[in-house]
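Trainee: I am attaching a structure below and will ask some questions about it afterwards.
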Amino acid sequence: MRFFFSGELDSQIANAYRSTREQIETTLNDALTSAEYGAAIEQIGIIPIILSAKFAVGRKERRLVKRAEKVADYRLFIDFDSFANGSEEERKLLLIENLLNAVTDIERKLKSPFNGARLRQDILALFPEAKVHDL
C-alpha cells in the first residue's frame, strides 16, 4: 500500500501541516509499502481540507474510489481551529484520525477484497499515541 498526502490548506497552517504530513507519510510508506490489504486498492491519497471559515464556505468533502485505477482520493475536513491551535502531537492525531476515517469509508464502499480492519490495526500500531484517544 502506498500513501500520498497533500492538502487544501489555509496559508496560516501550511508550514505546521507540512511538517506533520511529512512525518506521517514517511512513516506509513516506510512501514506499509510492501503490505497487501487486498487487490482493490494500491494507493490512498489523503488531501485534508483545513480552511478557516471564510475559505471553507461552499467546500464539500470528496470520497472517491477509482476501482479501475486501484486508487482512493479522500478530501475530508479537519477543524481549522483545532489544527491551528493544537500542539504538534494534536495535529498528528487529527491527521491520523482523518486517515482512519478514509480507510473506514473505503472499506464500507468496497467490502472485500479490501482489508480495512487490518490496515487500521497496522496504522494504529505505527502510531500508538492514537490508541489513547480512541480515534
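In the C-alpha cells, chains take the letters A, B, ... in the order shown, each chain's residues start at 1, and ligands count up from 1 in the order shown.
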Write out as CSV the residues of range 6-34 of chain A that have any atom within 12 Å of an atom of range 69-78 of chain A, one row each with the nearest atom pair and its distance in Å to one decimal, counting only C-alpha atoms, sorted by chain and then rising number.
Mentor:
residue,atom,partner,partner_atom,distance
A:Ser6,CA,A:Arg75,CA,9.4
A:Gly7,CA,A:Arg75,CA,8.0
A:Glu8,CA,A:Arg75,CA,8.2
A:Leu9,CA,A:Ile78,CA,10.0
A:Asp10,CA,A:Ile78,CA,11.4
A:Ile13,CA,A:Ile78,CA,11.7
A:Tyr17,CA,A:Ile78,CA,11.2
Trainee: Please dump the current selection as a CSV table (one decimal), in the first residue's frame; keep C-alpha atoms.
Mentor:
chain,number,residue,atom,x,y,z
A,6,SER,CA,-1.3,16.7,0.2
A,7,GLY,CA,-3.8,19.3,1.4
A,8,GLU,CA,-6.3,22.1,0.7
A,9,LEU,CA,-4.9,24.4,3.2
A,10,ASP,CA,-5.3,27.9,4.7
A,13,ILE,CA,-1.3,26.5,8.9
A,17,TYR,CA,0.8,20.9,8.2
Trainee: Mind checking DSSP for range 25-121 of chain A and telling me the strand (DSSP E) residues as a list in words?
Mentor: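 Filtering range 25-121 of chain A to strand (DSSP E) leaves Gln43, Ile44, Gly45, Ile46, Ile49, Ile50, Arg62, Arg63, Leu64, Val65, Lys66, Val71, Ala72, Asp73, Tyr74 and Arg75 of chain A.
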Trainee: Filtering to C-alpha atoms, could you give me those residues as a PDB file, in the first residue's frame?
Mentor:
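File result-v2.pdb, as written:
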ATOM      1  CA  GLN A  43      -2.731   3.785  -3.189  1.00  0.00           C
ATOM      2  CA  ILE A  44      -4.633   6.076  -0.858  1.00  0.00           C
ATOM      3  CA  GLY A  45      -4.448   9.835  -1.365  1.00  0.00           C
ATOM      4  CA  ILE A  46      -5.232  11.872   1.741  1.00  0.00           C
ATOM      5  CA  ILE A  49      -9.318  20.300   3.845  1.00  0.00           C
ATOM      6  CA  ILE A  50      -8.100  22.622   6.603  1.00  0.00           C
ATOM      7  CA  ARG A  62     -14.633  14.212  -1.593  1.00  0.00           C
ATOM      8  CA  ARG A  63     -14.713  10.447  -1.049  1.00  0.00           C
ATOM      9  CA  LEU A  64     -13.595   8.907  -4.316  1.00  0.00           C
ATOM     10  CA  VAL A  65     -12.546   5.337  -5.010  1.00  0.00           C
ATOM     11  CA  LYS A  66     -11.333   4.689  -8.547  1.00  0.00           C
ATOM     12  CA  VAL A  71      -6.698   4.422  -6.096  1.00  0.00           C
ATOM     13  CA  ALA A  72      -8.642   6.259  -3.404  1.00  0.00           C
ATOM     14  CA  ASP A  73      -8.761  10.072  -3.216  1.00  0.00           C
ATOM     15  CA  TYR A  74     -10.084  11.416   0.089  1.00  0.00           C
ATOM     16  CA  ARG A  75     -10.564  15.080   0.926  1.00  0.00           C
TER      17      ARG A  75
END
Trainee: May I have the residues within 8 Å of range 18-34 of chain A as a list in words, using only C-alpha atoms and disregarding those fewer than 5 positions away in the same chain?
Mentor: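 Contacts, with the query itself left out: Met1, Arg2, Phe3, Phe4, Phe5, Ser6, Glu88, Arg91, Lys92, Leu95, Ile96, Ile123 and Leu126 of chain A.
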Trainee: When you count only C-alpha atoms, which of these residues is closest to Phe55 in chain A: A:Phe80, A:Pro128, A:Gly38, A:Ala102?
Mentor: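 Of A:Phe80, A:Pro128, A:Gly38, A:Ala102, the one nearest Phe55 in chain A is A:Phe80, counting only C-alpha atoms.
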Trainee: Which residue, A:Leu110, A:Ala125, A:Leu100, A:Ala16, has the smallest gap to Ala40 in chain A when you use only C-alpha atoms?
Mentor: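 Smallest distance to Ala40 in chain A is found for A:Leu110.
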Trainee: I need the residues in range 7-135 of chain A that are alpha helix (DSSP H) according to DSSP; give them as JSON, numbers by chain.
Mentor: {"A": [14, 15, 16, 17, 18, 19, 20, 21, 22, 23, 24, 25, 26, 27, 28, 29, 30, 31, 32, 53, 54, 55, 56, 80, 81, 82, 83, 84, 85, 88, 89, 90, 91, 92, 93, 94, 95, 96, 97, 98, 99, 100, 101, 102, 103, 104, 105, 106, 107, 108, 109, 110, 116, 117, 118, 119, 120, 121, 122, 123, 124, 125, 126, 129, 130, 131, 132]}
Trainee: Neighbours of Glu97 in chain A within 8 Å (only C-alpha atoms; same-chain residues fewer than 3 positions away dropped), as a count of residues only?
Mentor: 6
Trainee: With only C-alpha atoms as the atoms that count, which of A:Pro48, A:Asp79, A:Arg67, A:Gln12 lies nearest to Ile106 in chain A?
Mentor: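 Smallest distance to Ile106 in chain A is found for A:Arg67.
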Trainee: Could you jot down the CA of Ser11 in chain A to CA of Ser87 in chain A separation for me, Å, one decimal place?
Mentor: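 A separation of 17.5 Å between them.
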Trainee: Go ahead and compute the interatomic distance for CA of Arg120 in chain A and CA of Thr104 in chain A, in Å to one decimal.
Mentor: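 Between these atoms lies a distance of 8.1 Å.
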Trainee: How many Å lie between CA of Glu107 in chain A and CA of Glu129 in chain A, rounded to one decimal?
Mentor: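 We find that CA of Glu107 in chain A and CA of Glu129 in chain A lie 23.2 Å from each other.
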